[in-house]
Structures are given as C-alpha cells and as structure tokens.
>>> print(open('entry_12.cif').read())   # mmCIF, C-alpha atoms and all ligand atoms
data_final
loop_
_atom_site.label_atom_id
_atom_site.label_comp_id
_atom_site.auth_asym_id
_atom_site.auth_seq_id
_atom_site.Cartn_x
_atom_site.Cartn_y
_atom_site.Cartn_z
CA MET A 1 -14.21 -2.91 -25.03
CA PRO A 2 -17.58 -4.22 -26.29
CA VAL A 3 -20.60 -2.34 -24.93
CA MET A 4 -22.10 -5.50 -23.42
CA LEU A 5 -18.93 -6.25 -21.45
CA ALA A 6 -18.75 -2.64 -20.26
CA ASP A 7 -22.42 -2.86 -19.21
CA ILE A 8 -21.76 -6.02 -17.20
CA LEU A 9 -18.64 -4.59 -15.55
CA ILE A 10 -20.41 -1.41 -14.49
CA LEU A 11 -23.38 -3.41 -13.19
CA LEU A 12 -21.16 -5.76 -11.17
CA ALA A 13 -19.20 -2.82 -9.72
CA ALA A 14 -22.45 -1.06 -8.79
CA ILE A 15 -23.81 -4.19 -7.07
CA TYR A 16 -20.52 -4.71 -5.19
CA LEU A 17 -20.44 -1.11 -3.97
CA CYS A 18 -24.15 -1.08 -3.01
CA ILE A 19 -23.67 -4.20 -0.86
CA GLY A 20 -20.57 -2.50 0.53
CA LEU A 21 -22.56 0.61 1.46
CA LEU A 22 -25.29 -1.46 3.13
CA PHE A 23 -22.63 -3.33 5.08
CA ALA A 24 -20.59 -0.22 5.88
CA ILE A 25 -23.20 1.46 8.06
CA PRO A 26 -23.58 -1.29 10.72
CA PHE A 27 -19.89 -2.04 10.41
CA ALA A 28 -18.88 1.55 11.18
CA PHE A 29 -21.10 1.55 14.30
CA PHE A 30 -20.58 -2.00 15.65
CA GLY A 31 -18.21 -4.14 13.53
CA ALA A 32 -15.16 -1.89 13.53
CA GLY A 33 -15.08 -1.82 17.33
CA GLN A 34 -15.40 -5.57 17.48
CA ILE A 35 -12.49 -6.40 15.20
CA ASP A 36 -10.31 -3.55 16.51
CA PRO A 37 -10.69 -2.39 20.16
CA THR A 38 -9.22 1.06 19.32
CA ALA A 39 -12.31 1.69 17.18
CA ARG A 40 -14.69 1.16 20.13
CA LYS A 41 -14.61 4.71 21.41
CA ALA A 42 -14.09 6.20 17.96
CA THR A 43 -15.54 9.56 16.97
CA ALA A 44 -18.41 10.12 14.52
CA GLY A 45 -15.89 11.56 12.04
CA PHE A 46 -13.96 8.30 12.11
CA LYS A 47 -17.13 6.27 11.46
CA LEU A 48 -17.85 8.44 8.45
CA ILE A 49 -14.32 8.34 7.10
CA ILE A 50 -14.07 4.55 7.04
CA ILE A 51 -17.22 4.13 4.94
CA PRO A 52 -15.54 4.38 1.49
CA GLY A 53 -12.79 1.91 2.47
CA THR A 54 -15.38 -0.45 3.95
CA MET A 55 -17.34 -0.32 0.68
CA ALA A 56 -14.16 -1.39 -1.12
CA LEU A 57 -12.98 -4.08 1.31
CA TRP A 58 -16.27 -5.33 2.77
CA PRO A 59 -15.76 -9.08 2.07
CA LEU A 60 -12.60 -9.15 4.23
CA LEU A 61 -14.21 -7.14 7.01
CA ALA A 62 -17.42 -9.21 6.93
CA PHE A 63 -15.32 -12.36 7.20
CA ARG A 64 -13.44 -11.04 10.26
CA TRP A 65 -16.59 -9.72 11.93
CA LEU A 66 -18.50 -13.01 11.38
CA LYS A 67 -15.52 -15.02 12.60
CA GLY A 68 -15.52 -13.03 15.83
CA VAL A 69 -12.00 -11.69 15.38
CA ALA A 70 -11.30 -9.41 18.39
CA GLU A 71 -7.85 -7.98 17.61
CA PRO A 72 -6.16 -6.75 14.43
CA PRO A 73 -3.70 -9.30 13.04
CA GLU A 74 -0.02 -9.01 13.97
CA GLU A 75 2.17 -8.14 11.02
CA LYS A 76 4.57 -10.73 9.67
CA ASN A 77 8.18 -9.66 9.30
CA PRO A 78 11.36 -11.72 9.80
CA HIS A 79 11.98 -10.47 13.36
CA ARG A 80 8.41 -10.94 14.57
CA LEU A 81 8.20 -14.41 13.01
CA ALA A 82 11.54 -15.46 14.50
CA ALA A 83 10.50 -14.07 17.90
CA ARG A 84 7.44 -16.36 17.94
CA GLY A 85 9.71 -19.40 18.05
CA PRO A 86 10.02 -22.30 15.60
CA GLU A 87 6.56 -23.77 16.32
CA ASN A 88 4.87 -20.60 15.05
CA ASN A 89 7.28 -19.89 12.29
CA PRO A 90 6.80 -22.15 9.24
CA ALA A 91 9.85 -20.64 7.50
CA ARG A 92 12.16 -21.84 10.28
CA GLU A 93 10.63 -25.31 10.19
CA GLY A 94 11.39 -25.57 6.50
CA LYS A 95 7.65 -25.54 5.69
CA GLY A 96 7.42 -22.18 4.12
CA MET B 1 -0.09 6.56 18.51
CA SER B 2 -3.75 6.77 19.43
CA LEU B 3 -6.07 5.35 22.05
CA LYS B 4 -9.18 5.97 20.01
CA TYR B 5 -9.57 6.65 16.35
CA GLN B 6 -10.59 10.07 15.09
CA ALA B 7 -11.14 11.19 11.51
CA VAL B 8 -7.92 13.23 11.71
CA MET B 9 -5.66 13.62 14.74
CA TRP B 10 -5.12 17.33 14.26
CA ASN B 11 -2.04 19.03 15.64
CA ARG B 12 -0.21 22.25 14.81
CA GLN B 13 2.09 20.57 12.31
CA LYS B 14 -0.78 18.96 10.40
CA LYS B 15 -2.72 22.22 10.34
CA ILE B 16 0.25 24.08 8.86
CA TYR B 17 0.89 21.25 6.40
CA ASP B 18 -2.71 21.21 5.19
CA SER B 19 -3.01 25.01 5.04
CA VAL B 20 0.05 25.20 2.80
CA LEU B 21 -1.32 22.33 0.69
CA ILE B 22 -4.75 23.91 0.21
CA ALA B 23 -3.27 27.33 -0.48
CA GLY B 24 -0.93 25.77 -3.05
CA VAL B 25 -3.76 23.95 -4.81
CA VAL B 26 -6.02 27.04 -4.88
CA LEU B 27 -3.15 29.21 -6.13
CA TYR B 28 -2.28 26.70 -8.85
CA LEU B 29 -5.88 26.37 -10.03
CA GLY B 30 -6.32 30.14 -10.01
CA LEU B 31 -3.12 30.74 -11.95
CA PHE B 32 -3.87 27.94 -14.40
CA SER B 33 -7.39 29.21 -15.13
CA GLY B 34 -6.27 32.86 -15.30
CA LEU B 35 -3.34 32.24 -17.62
CA GLY B 36 -5.39 29.70 -19.60
CA ALA B 37 -8.12 32.29 -20.20
CA ILE B 38 -5.50 34.81 -21.39
CA PHE B 39 -3.51 32.50 -23.68
CA HIS B 40 -6.43 30.34 -24.89
CA PRO B 41 -9.35 32.74 -25.13
CA ASN B 42 -11.41 30.18 -27.05
CA ALA B 43 -11.20 27.54 -24.33
CA THR B 44 -14.41 27.08 -22.33
CA ALA B 45 -14.43 27.32 -18.53
CA GLU B 46 -15.16 23.56 -18.34
CA THR B 47 -12.11 22.76 -20.48
CA LEU B 48 -9.89 24.97 -18.34
CA LEU B 49 -11.22 23.33 -15.17
CA ILE B 50 -10.72 19.82 -16.56
CA ARG B 51 -7.14 20.65 -17.51
CA GLY B 52 -6.47 22.55 -14.31
CA PHE B 53 -7.65 19.68 -12.08
CA GLY B 54 -5.82 17.11 -14.21
CA THR B 55 -2.49 18.92 -14.24
CA ALA B 56 -2.77 19.80 -10.53
CA ALA B 57 -3.32 16.10 -9.72
CA LEU B 58 -0.40 15.09 -11.93
CA LEU B 59 1.91 17.67 -10.37
CA LEU B 60 0.88 16.59 -6.87
CA LEU B 61 1.47 12.95 -7.81
CA HIS B 62 5.04 13.82 -8.81
CA ILE B 63 5.54 15.56 -5.47
CA ILE B 64 4.10 12.57 -3.60
CA LEU B 65 6.33 10.12 -5.49
CA SER B 66 9.39 12.28 -4.82
CA ILE B 67 8.96 12.53 -1.04
CA GLY B 68 9.92 8.93 -0.18
CA PRO B 69 13.23 8.88 -2.09
CA LEU B 70 14.07 12.47 -1.07
CA CYS B 71 13.73 11.48 2.59
CA ARG B 72 15.99 8.49 2.03
CA LEU B 73 18.58 10.76 0.43
CA ASN B 74 18.31 13.60 2.95
CA PRO B 75 16.46 13.56 6.30
CA ARG B 76 15.77 17.28 5.96
CA PHE B 77 12.80 16.32 3.76
CA LEU B 78 11.18 14.26 6.55
CA PRO B 79 8.65 16.97 7.51
CA LEU B 80 7.12 16.46 4.06
CA LEU B 81 6.59 12.78 4.78
CA TYR B 82 4.78 13.45 8.05
CA ASN B 83 1.39 14.10 6.46
CA ARG B 84 1.90 12.60 3.02
CA ARG B 85 -1.42 10.79 3.24
CA HIS B 86 -3.24 14.13 3.10
CA LEU B 87 -1.38 14.89 -0.10
CA GLY B 88 -2.62 11.57 -1.47
CA VAL B 89 -6.24 12.24 -0.55
CA THR B 90 -6.05 15.76 -2.02
CA MET B 91 -4.55 14.36 -5.20
CA PHE B 92 -7.40 11.82 -5.45
CA ILE B 93 -9.99 14.60 -5.02
CA LEU B 94 -8.34 16.62 -7.81
CA ALA B 95 -8.19 13.55 -10.06
CA LEU B 96 -11.84 12.79 -9.25
CA ALA B 97 -12.83 16.35 -10.17
CA HIS B 98 -10.87 15.99 -13.43
CA GLY B 99 -12.56 12.67 -14.20
CA GLY B 100 -16.01 13.83 -13.09
CA PHE B 101 -15.96 17.01 -15.20
CA SER B 102 -14.58 15.07 -18.19
CA ILE B 103 -17.33 12.47 -17.99
CA VAL B 104 -20.02 15.16 -17.76
CA GLN B 105 -18.43 17.14 -20.60
CA PHE B 106 -17.75 14.29 -23.03
CA HIS B 107 -20.01 11.37 -22.09
CA ALA B 108 -23.14 12.54 -20.28
CA LEU B 109 -25.07 13.97 -23.20
CA GLY B 110 -25.76 10.74 -25.13
CA ASP B 111 -28.26 8.01 -24.30
CA VAL B 112 -25.60 5.53 -23.12
CA ASN B 113 -24.57 5.24 -19.46
CA PRO B 114 -21.63 7.70 -19.22
CA LEU B 115 -19.34 5.11 -17.60
CA VAL B 116 -20.18 2.56 -20.31
CA SER B 117 -19.40 5.27 -22.83
CA VAL B 118 -15.97 5.82 -21.21
CA LEU B 119 -15.17 2.10 -21.35
CA ALA B 120 -16.65 1.23 -24.72
CA GLY B 121 -16.73 4.54 -26.60
CA GLU B 122 -13.41 4.15 -28.39
CA THR B 123 -12.01 0.80 -29.52
CA ARG B 124 -9.18 1.64 -31.92
CA TYR B 125 -6.39 0.01 -29.94
CA THR B 126 -3.99 0.01 -32.88
CA SER B 127 -4.22 3.76 -33.43
CA LEU B 128 -1.97 6.09 -31.49
CA SER B 129 -4.12 9.18 -31.97
CA ASP B 130 -7.47 7.44 -31.33
CA PHE B 131 -6.37 4.98 -28.65
CA PRO B 132 -9.01 4.65 -25.88
CA PHE B 133 -7.03 6.62 -23.30
CA GLN B 134 -9.94 7.35 -21.00
CA PRO B 135 -10.27 3.80 -19.56
CA LEU B 136 -6.60 4.15 -18.54
CA GLY B 137 -7.48 7.26 -16.54
CA LEU B 138 -10.51 5.53 -15.03
CA ALA B 139 -8.36 2.56 -13.93
CA ALA B 140 -5.86 4.96 -12.34
CA LEU B 141 -8.72 6.77 -10.58
CA LEU B 142 -9.95 3.46 -9.12
CA ILE B 143 -6.49 2.77 -7.69
CA LEU B 144 -6.27 6.28 -6.27
CA PHE B 145 -9.73 5.81 -4.71
CA LEU B 146 -8.64 2.57 -3.06
CA MET B 147 -5.56 4.29 -1.66
CA ALA B 148 -7.39 7.39 -0.44
CA ALA B 149 -10.19 5.29 1.08
CA THR B 150 -7.71 3.15 3.03
CA SER B 151 -5.38 5.93 4.13
CA HIS B 152 -6.59 6.07 7.76
CA ASP B 153 -4.58 4.30 10.49
CA PHE B 154 -7.54 1.93 11.02
CA TRP B 155 -6.71 0.34 7.66
CA LEU B 156 -2.99 0.35 8.35
CA THR B 157 -3.56 -1.55 11.60
CA ASN B 158 -6.15 -3.97 10.28
CA LEU B 159 -4.45 -4.79 7.00
CA THR B 160 -1.02 -4.82 8.78
CA PRO B 161 1.69 -2.44 7.55
CA PRO B 162 3.26 -4.80 4.96
CA VAL B 163 -0.10 -5.52 3.27
CA TRP B 164 -1.12 -1.86 3.49
CA LYS B 165 2.17 -0.79 1.98
CA ALA B 166 1.87 -3.36 -0.82
CA LEU B 167 -1.61 -2.00 -1.57
CA HIS B 168 -0.29 1.56 -1.58
CA MET B 169 2.58 0.56 -3.91
CA LEU B 170 -0.17 0.42 -6.54
CA VAL B 171 0.48 4.16 -6.81
CA TYR B 172 3.23 3.23 -9.26
CA VAL B 173 0.72 1.35 -11.42
CA ALA B 174 -1.56 4.39 -11.22
CA TYR B 175 1.35 6.64 -12.22
CA GLY B 176 2.11 4.45 -15.25
CA LEU B 177 -1.56 4.47 -16.29
CA ILE B 178 -1.75 8.25 -15.88
CA VAL B 179 1.40 8.82 -17.96
CA LEU B 180 -0.13 6.65 -20.73
CA HIS B 181 -3.47 8.45 -20.30
CA VAL B 182 -1.72 11.78 -20.90
CA VAL B 183 0.55 10.56 -23.72
CA LEU B 184 -2.29 8.89 -25.62
CA GLY B 185 -4.84 11.56 -24.75
CA ALA B 186 -3.90 15.20 -24.16
CA LEU B 187 -0.53 14.98 -25.95
CA GLN B 188 -2.13 13.69 -29.17
CA ALA B 189 -4.12 16.88 -29.52
CA GLU B 190 -1.33 19.18 -28.33
CA THR B 191 0.64 21.12 -30.92
CA SER B 192 3.14 22.70 -28.51
CA PRO B 193 5.93 20.45 -27.19
CA VAL B 194 5.84 22.05 -23.71
CA LEU B 195 3.49 19.52 -22.08
CA ALA B 196 5.41 16.56 -23.54
CA ALA B 197 8.70 18.04 -22.30
CA LEU B 198 7.28 18.65 -18.81
CA LEU B 199 5.95 15.12 -18.61
CA GLY B 200 9.32 13.73 -19.76
CA VAL B 201 11.19 15.80 -17.16
CA GLY B 202 8.75 14.64 -14.44
CA LEU B 203 9.15 11.00 -15.41
CA ALA B 204 12.96 11.28 -15.52
CA TRP B 205 12.99 13.09 -12.13
CA VAL B 206 10.91 10.35 -10.48
CA LEU B 207 13.02 7.57 -12.03
CA ILE B 208 16.38 9.13 -11.13
CA LEU B 209 15.32 9.89 -7.54
CA HIS B 210 14.16 6.30 -7.04
CA LEU B 211 17.38 4.88 -8.49
CA LEU B 212 19.54 7.10 -6.26
CA ALA B 213 17.49 6.21 -3.17
CA ALA B 214 17.61 2.47 -4.01
CA ARG B 215 21.40 2.66 -4.31
CA LYS B 216 21.71 4.33 -0.93
CA GLU B 217 19.25 1.85 0.61
CA LYS B 218 21.32 -1.13 -0.54
CA LEU B 219 24.60 -0.06 1.00
CA PRO B 220 24.15 -1.07 4.69
CA ASP B 221 22.62 -4.42 3.75
CA GLU B 222 25.67 -5.80 2.01
CA LYS B 223 27.67 -6.30 5.21
CA THR B 224 27.84 -9.65 7.01
CA TYR B 225 28.81 -10.01 10.66
CA PRO B 226 31.09 -12.68 12.16
CA ALA B 227 29.41 -14.79 14.88
CA ALA B 228 31.07 -16.08 18.06
CA ALA B 229 30.48 -19.52 19.59
CA ASP B 230 27.68 -18.19 21.83
CA GLY B 231 25.80 -17.00 18.75
CA TYR B 232 26.34 -13.25 19.30
CA VAL B 233 27.48 -11.32 16.25
CA ASN B 234 30.13 -8.64 16.35
CA VAL B 235 28.40 -5.62 14.81
CA CYS B 236 30.35 -2.41 15.38
CA ALA B 237 32.49 -0.40 17.75
CA VAL B 238 30.69 1.58 20.46
CA SER B 239 32.46 4.67 19.15
CA GLU B 240 30.75 4.25 15.76
CA ILE B 241 27.34 5.00 17.29
CA PRO B 242 26.57 8.68 17.85
CA GLU B 243 25.04 9.49 21.26
CA LYS B 244 21.21 9.13 21.31
CA CYS B 245 21.33 7.68 17.79
CA ALA B 246 21.56 4.20 16.30
CA HIS B 247 23.78 2.01 14.20
CA VAL B 248 21.67 -0.07 11.80
CA ALA B 249 22.69 -3.62 10.86
CA LEU B 250 20.98 -6.38 8.90
CA ILE B 251 20.62 -9.26 11.37
CA GLY B 252 18.16 -12.15 11.12
CA GLY B 253 16.81 -11.11 7.73
CA GLU B 254 15.77 -7.63 8.89
CA ARG B 255 17.44 -4.49 10.17
CA VAL B 256 18.24 -4.03 13.83
CA ALA B 257 18.65 -0.56 15.37
CA ILE B 258 21.39 -0.46 18.03
CA PHE B 259 21.04 2.67 20.18
CA LYS B 260 23.63 4.35 22.39
CA TYR B 261 22.27 6.50 25.20
CA ASP B 262 23.30 7.54 28.73
CA GLY B 263 26.27 5.14 28.80
CA LYS B 264 24.15 2.19 27.65
CA ILE B 265 23.47 0.16 24.50
CA SER B 266 20.10 -1.39 23.55
CA ALA B 267 18.99 -3.07 20.35
CA ILE B 268 15.47 -3.23 18.92
CA SER B 269 13.99 -4.18 15.58
CA ASN B 270 14.34 -1.31 13.12
CA VAL B 271 10.74 -1.72 11.91
CA CYS B 272 8.27 0.72 13.46
CA GLN B 273 4.92 -0.91 14.23
CA HIS B 274 3.02 2.04 12.80
CA GLN B 275 4.00 2.17 9.13
CA ASN B 276 7.28 0.27 9.21
CA GLY B 277 9.34 3.46 9.39
CA PRO B 278 13.11 3.06 10.05
CA LEU B 279 13.49 3.46 13.84
CA GLY B 280 17.28 3.42 13.53
CA GLU B 281 17.10 6.68 11.59
CA GLY B 282 15.30 8.28 14.51
CA ARG B 283 16.75 9.60 17.76
CA ILE B 284 16.30 9.07 21.45
CA ILE B 285 14.13 11.92 22.67
CA ASP B 286 13.12 12.12 26.35
CA GLY B 287 14.59 8.65 26.84
CA LEU B 288 12.47 7.11 24.06
CA VAL B 289 13.36 5.93 20.57
CA THR B 290 11.38 8.27 18.32
CA CYS B 291 10.42 7.17 14.82
CA PRO B 292 11.50 9.72 12.21
CA TRP B 293 8.35 9.31 10.16
CA HIS B 294 5.43 10.18 12.46
CA GLY B 295 6.96 10.26 15.92
CA PHE B 296 5.78 6.96 17.48
CA GLN B 297 7.96 6.26 20.53
CA TYR B 298 9.41 3.09 22.10
CA ARG B 299 11.49 2.45 25.21
CA PRO B 300 14.95 1.25 24.10
CA GLN B 301 15.12 -1.37 26.91
CA ASP B 302 11.91 -3.25 26.05
CA GLY B 303 10.79 -1.96 22.65
CA ALA B 304 7.37 -0.98 24.10
CA SER B 305 5.59 2.34 23.74
CA PRO B 306 5.05 4.10 27.06
CA GLU B 307 1.65 3.60 28.74
CA PRO B 308 -1.14 3.99 27.73
CA PHE B 309 0.05 3.16 24.21
CA LYS B 310 0.31 -0.47 23.13
CA GLU B 311 2.82 -0.61 20.27
CA LYS B 312 5.75 -3.01 20.73
CA VAL B 313 8.70 -4.15 18.64
CA PRO B 314 11.06 -7.12 19.13
CA THR B 315 14.19 -6.57 21.21
CA PHE B 316 17.66 -8.14 21.04
CA ASN B 317 20.16 -9.23 23.67
CA VAL B 318 23.29 -7.11 23.52
CA LYS B 319 26.68 -7.00 25.20
CA VAL B 320 29.72 -4.76 24.98
CA ILE B 321 33.17 -6.36 25.10
CA GLY B 322 36.36 -4.41 24.61
CA GLY B 323 34.59 -1.43 23.10
CA ARG B 324 32.68 -3.53 20.57
CA VAL B 325 28.94 -4.19 20.39
CA TRP B 326 27.72 -7.79 20.15
CA VAL B 327 24.09 -8.57 19.30
CA HIS B 328 22.32 -11.92 19.55
CA PRO B 329 20.50 -12.54 16.26
CA GLN B 330 17.51 -14.30 17.91
CA PRO B 331 14.86 -11.61 18.43
CA ASN B 332 12.89 -11.57 21.70
CA PRO B 333 9.10 -11.28 21.48
CA PRO B 334 7.92 -7.69 21.02
CA GLY B 335 8.04 -5.74 24.28
CA THR B 336 10.48 -8.11 26.08
CA ALA B 337 12.67 -6.23 28.55
CA VAL B 338 16.41 -6.70 27.98
CA GLU B 339 19.08 -5.39 30.33
CA PRO B 340 20.98 -2.69 28.37
CA ALA B 341 24.71 -3.32 27.94
CA ARG B 342 26.76 -0.84 29.97
CA ILE B 343 29.52 0.90 28.07
CA GLY B 344 32.86 0.48 29.79
CA GLU B 345 31.94 -2.57 31.90
S1 LIG A 401 6.19 4.72 10.72
FE1 LIG A 401 4.81 6.17 11.47
S2 LIG A 401 5.68 6.60 13.36
FE2 LIG A 401 6.96 5.09 12.66
#
>>> encode(input="entry_12.cif", output="structure tokens")
Amino acid sequence: MPVMLADILILLAAIYLCIGLLFAIPFAFFGAGQIDPTARKATAGFKLIIIPGTMALWPLLAFRWLKGVAEPPEEKNPHRLAARGPENNPAREGKG
Amino acid sequence: MSLKYQAVMWNRQKKIYDSVLIAGVVLYLGLFSGLGAIFHPNATAETLLIRGFGTAALLLLHIILSIGPLCRLNPRFLPLLYNRRHLGVTMFILALAHGGFSIVQFHALGDVNPLVSVLAGETRYTSLSDFPFQPLGLAALLILFLMAATSHDFWLTNLTPPVWKALHMLVYVAYGLIVLHVVLGALQAETSPVLAALLGVGLAWVLILHLLAARKEKLPDEKTYPAAADGYVNVCAVSEIPEKCAHVALIGGERVAIFKYDGKISAISNVCQHQNGPLGEGRIIDGLVTCPWHGFQYRPQDGASPEPFKEKVPTFNVKVIGGRVWVHPQPNPPGTAVEPARIGE
C-alpha cells in the first residue's frame, strides 16, 4: 500500500474514532437510556463497557438518538414477520 | 434476562468459567515463555511474549470456533457456550497484546507513524516470503475489536440478534486472515514443520466439525408436513415427544418447538429472543421453557418470560387428535396466550 494512502486511512480512522469518543461519553450517560429503557438504571461499569462499541457504531446510535427512538427494534424472523399480519409483512404481500 | 444492564452479570457459573479461562491463559503463557527460553536461548523476552500472545490467541480462537459445532453435535458441551463471549474478549486482548508488542518491536523505532509503517512497510505482493502479512493481522484485529466491543447484551438487543449474529460471523473472516497472517508471516521464517502441522490440524479440525454440525443441522428441516382443510399441519405423534421436552419442526419458514408437559402440548417459536438459541433443545424447568444456551425462560402457554422480564416469542395454536399433534402454521404475535392441547381429550 502506498504511504500516502496509508496516511489517509490512518487519519480517517483516527478522526472517526475521536468523534466516536466525544459522542460516546454523553451517549453512555443519556443516549443509551433513551434508545433502550433497560439502560436507564444501568451501572457505571455498563456505561464504561459500551464506550468502545459506541466509538465503532456511533453514526447508527446518533441517528437513533436524534430520531427519538425509545425502544430497541424488534428482530425480523419469519415467525415474527408472519405474526404481524400481511399489512406489516412485505414478504407476504409479494413486495419483498 | 436482565432488568438493568451491568458490565457483567456475575454468577457462580461465570466466575468458575472465567477463573478456569484466566488460569489456562496464564499457565499457557508461563509454559510457552519457560519452554521458549530453554529451547531458544537466543530469543529475546519481547519475541517470546509476541509469540506467546499470538499463539495463545490462535489456540483460543480454535476453541471458540469449535464450541458452536460441538454443542450442535453433543449437548454435553453446552456449558462451554454459556460464557463464550468472555472467551472472545480474552482472545481479542491476547491478539491486541500480540499486535501491540509487534508494532513496538518492529515499527516504532523509525520516523514513520508505526501504523503507517505496518500498512505500507512491505509491498511485495507477488513474493511468498516477503508478502505484507502484517496488514492481514491488523485487519483481523479490527474485526476482533468490533466483536469484543459489541459483545454486551446491549448491542445484541439494539442491533437485534440476526444483525448481531451476522456481525459476529465476521469471526470466520478474521480466522481466514489470521491463518494467512501466520502462513505468510511466521511460517516463512520457521525451519521446523511443527507449527505448519499444528496449523493444518487446527484448520482441518475446525472445517470437519463445521461440516459434521451442518449435516446434523440439515436433517430435521427436510421434512414436510401434510395440511388438513382447516390449515393445521400434522406434525408428530404425542408419544414422539419426551416429557418436558420438545419436538422441533420447520413450519412457516422457521422452526417451531412443540413441548409436552403435565399432560399438555404447547407450541412456540424455536427462536430465543436473547441470542436466537434453539428453545426446542431446551427443557421445561419449573414449568418454564428454558433456553439451553443462557437459560432465558418462557411460559409454554404464551411464550412470555415471567414477570418482571419482558422477552416474548410467537406462539402457535395446537390440537391433539387421535394421539397426533396438529399445529396451525400461522404464528400468533409474541406473548399471545394459547390454550394448551390436552393429551387424551
Ligand atoms: S440464546 Fe441466550 S438464553 Fe436463549
């Protein structure tokens, strides 16, 4: 890999992770509890332990926090989709 | 099952698991360094540490990759699965120590940023002996970081189990990168065939275990069930289901776990809400379906965890006619109460 490309990659990664760290601190204290009620009464150890993951996934978490999401998403599997009924299940409507 | 997140939900089992793990790692590193110093007296302490951490991480990765298929092949291995995430985090820490010491040893003394030196230091892609193997290790380390950093249940819940599992399947990419990292790196300088043989045996072991487990996994899915006019499908005889256990059948594109308990039959989705463990391979304990992976529990009648927990899985309408179990393939919304079918009515 050319040195210049390596330089750029390392710089971009450092910027991404620095923004992630700046975001992670308020997120651990306020954001996590907003997007997931189980995190509201979480311990200090939990707040610390989610910081590395938040640094990695901060764009997704920032999007959910800004959007005011109040519950974690429900997983999609064939039984849960079918249980929602055809109006909430694109696959059964032939749309997906 | 938790009402509030903690860093680690410690219990006796986890403490034993982690004590054995830490003792094993310390013992391995001690033995490796001790024997290394005896058999390679010219090797520096840094070199021994780099190799010790690297081989410990690689060995642990083989153990981690073996646990899933071993549990599929024999439930006696399930206790190993219980705290597998701690194995993963430990393996990442060992790999990080290996990478960190290597970068300090080989890249920190020049005037180039050590990470740039790792990525751009070697560019002979056509040479086997001088191939830039270190970026492969760095890429694997990034994947292992992502997995370790997202190992807490908070991530499992917020990414949803299927997405979380897909993310954690990247361990196979990391494994491939690490094998190449070793083949193109350490093995090129190695004169003894022992390391190459061990790596080959490890690779074959992982491959064979996965193939055997995949074969076993496929078997129950190949069956189709005849449907009656009212839509119910005829799944099995009541006598085929052991008491307090389940018969598993593929219905509606996913597995359904049909439990027999206290003279009754109930059917719920086989997919545990926690980490998608196979509920049908669990048992009814204290009147509750208990997931074999980490022990989450659900009532068989409504697929809901007992208060104050909130997990729920879809349920299915069932009936028993002439000693046979009939299940309606349309799942009810998670947590919907369904009257159990009485055996013998
Ligand atoms: S998958 Fe963890 S308890 Fe079921």
>>> residues_near_ligand(input="entry_12.cif", ligand="ligand LIG 401 (chain A)", cutoff="6 Å", atoms="only C-alpha atoms and all ligand atoms", output="PyMOL selection string")
chain B and resi 272+274-277+291+293-296
>>> closest_residue(input="entry_12.cif", among="A:Ala28, A:Ile19, A:Met4, A:Ala62", to="Ala42 of chain A", atoms="all atoms listed in the file")
A:Ala28
>>> closest_atom_pairs(input="entry_12.cif", of="chain A", to="chain B", cutoff="7 Å", atoms="all atoms listed in the file", output="CSV")
residue,atom,partner,partner_atom,distance
A:Met1,CA,B:Ala120,CA,4.8
A:Pro2,CA,B:Ala120,CA,5.7
A:Val3,CA,B:Ala120,CA,5.3
A:Ala6,CA,B:Val116,CA,5.4
A:Asp7,CA,B:Val116,CA,6.0
A:Thr38,CA,B:Lys4,CA,5.0
A:Ala39,CA,B:Tyr5,CA,5.7
A:Lys41,CA,B:Lys4,CA,5.7
A:Ala42,CA,B:Tyr5,CA,4.8
A:Thr43,CA,B:Gln6,CA,5.3
A:Gly45,CA,B:Ala7,CA,4.8
A:Phe46,CA,B:Ala7,CA,4.1
A:Ile49,CA,B:Ala7,CA,6.1
A:Pro52,CA,B:Ala149,CA,5.4
A:Gly53,CA,B:Ala149,CA,4.5
A:Pro72,CA,B:Asn158,CA,5.0
A:Pro73,CA,B:Asn158,CA,6.5
A:Glu74,CA,B:Thr160,CA,6.7
A:Glu75,CA,B:Thr160,CA,5.1
A:Pro78,CA,B:Gly253,CA,5.9
A:His79,CA,B:Pro331,CA,5.9
A:Arg80,CA,B:Pro314,CA,6.5
A:Ala82,CA,B:Pro331,CA,6.4
A:Ala83,CA,B:Pro333,CA,4.7
A:Arg84,CA,B:Pro333,CA,6.4
>>> residues_around(input="entry_12.cif", residues="Phe53 of chain B", least_positions_apart="3", cutoff="6 Å", atoms="only C-alpha atoms", output="PyMOL selection string")
chain B and resi 49-50+56+94+98
>>> atom_distance(input="entry_12.cif", atom1="atom CA of Ile15 of chain A", atom2="atom CA of Arg64 of chain A")
21.3 Å
>>> residues_around(input="entry_12.cif", residues="Gln34 of chain A", least_positions_apart="2", cutoff="8 Å", atoms="all atoms listed in the file", output="PyMOL selection string")
chain A and resi 30-32+36-37+39-40+65+68-71
>>> axis_aligned_box(input="entry_12.cif", around="segment 20-36 of chain B", padding_each_side="4 Å", output="lines of an AutoDock Vina configuration file")
center_x = -3.7
center_y = 27.6
center_z = -8.4
size_x = 15.4
size_y = 18.5
size_z = 30.4
>>> decode(input="entry_12.cif", residues="segment 19-46 of chain A", atoms="C-alpha atoms", output="short mmCIF file (atom, residue, chain, number, x, y, z; two decimals), in the first residue's frame")
data_model
loop_
_atom_site.label_atom_id
_atom_site.label_comp_id
_atom_site.auth_asym_id
_atom_site.auth_seq_id
_atom_site.Cartn_x
_atom_site.Cartn_y
_atom_site.Cartn_z
CA ILE A 19 -15.70 11.76 17.04
CA GLY A 20 -16.90 8.41 18.37
CA LEU A 21 -15.19 9.01 21.72
CA LEU A 22 -16.64 12.53 22.00
CA PHE A 23 -20.08 11.12 21.23
CA ALA A 24 -19.69 8.07 23.47
CA ILE A 25 -19.50 9.96 26.75
CA PRO A 26 -22.89 11.76 26.57
CA PHE A 27 -24.37 8.71 24.89
CA ALA A 28 -23.32 6.38 27.72
CA PHE A 29 -24.91 8.73 30.29
CA PHE A 30 -28.07 9.89 28.47
CA GLY A 31 -28.48 8.43 24.96
CA ALA A 32 -28.30 4.73 25.80
CA GLY A 33 -31.17 5.05 28.28
CA GLN A 34 -33.23 6.93 25.76
CA ILE A 35 -32.98 4.40 22.94
CA ASP A 36 -33.17 1.39 25.29
CA PRO A 37 -35.15 1.65 28.57
CA THR A 38 -33.13 -1.21 30.14
CA ALA A 39 -30.08 1.07 30.01
CA ARG A 40 -31.78 3.77 32.13
CA LYS A 41 -30.81 2.35 35.50
CA ALA A 42 -27.56 0.87 34.22
CA THR A 43 -24.45 0.67 36.38
CA ALA A 44 -21.28 2.74 35.93
CA GLY A 45 -19.49 -0.41 34.73
CA PHE A 46 -22.02 -0.77 31.93
#
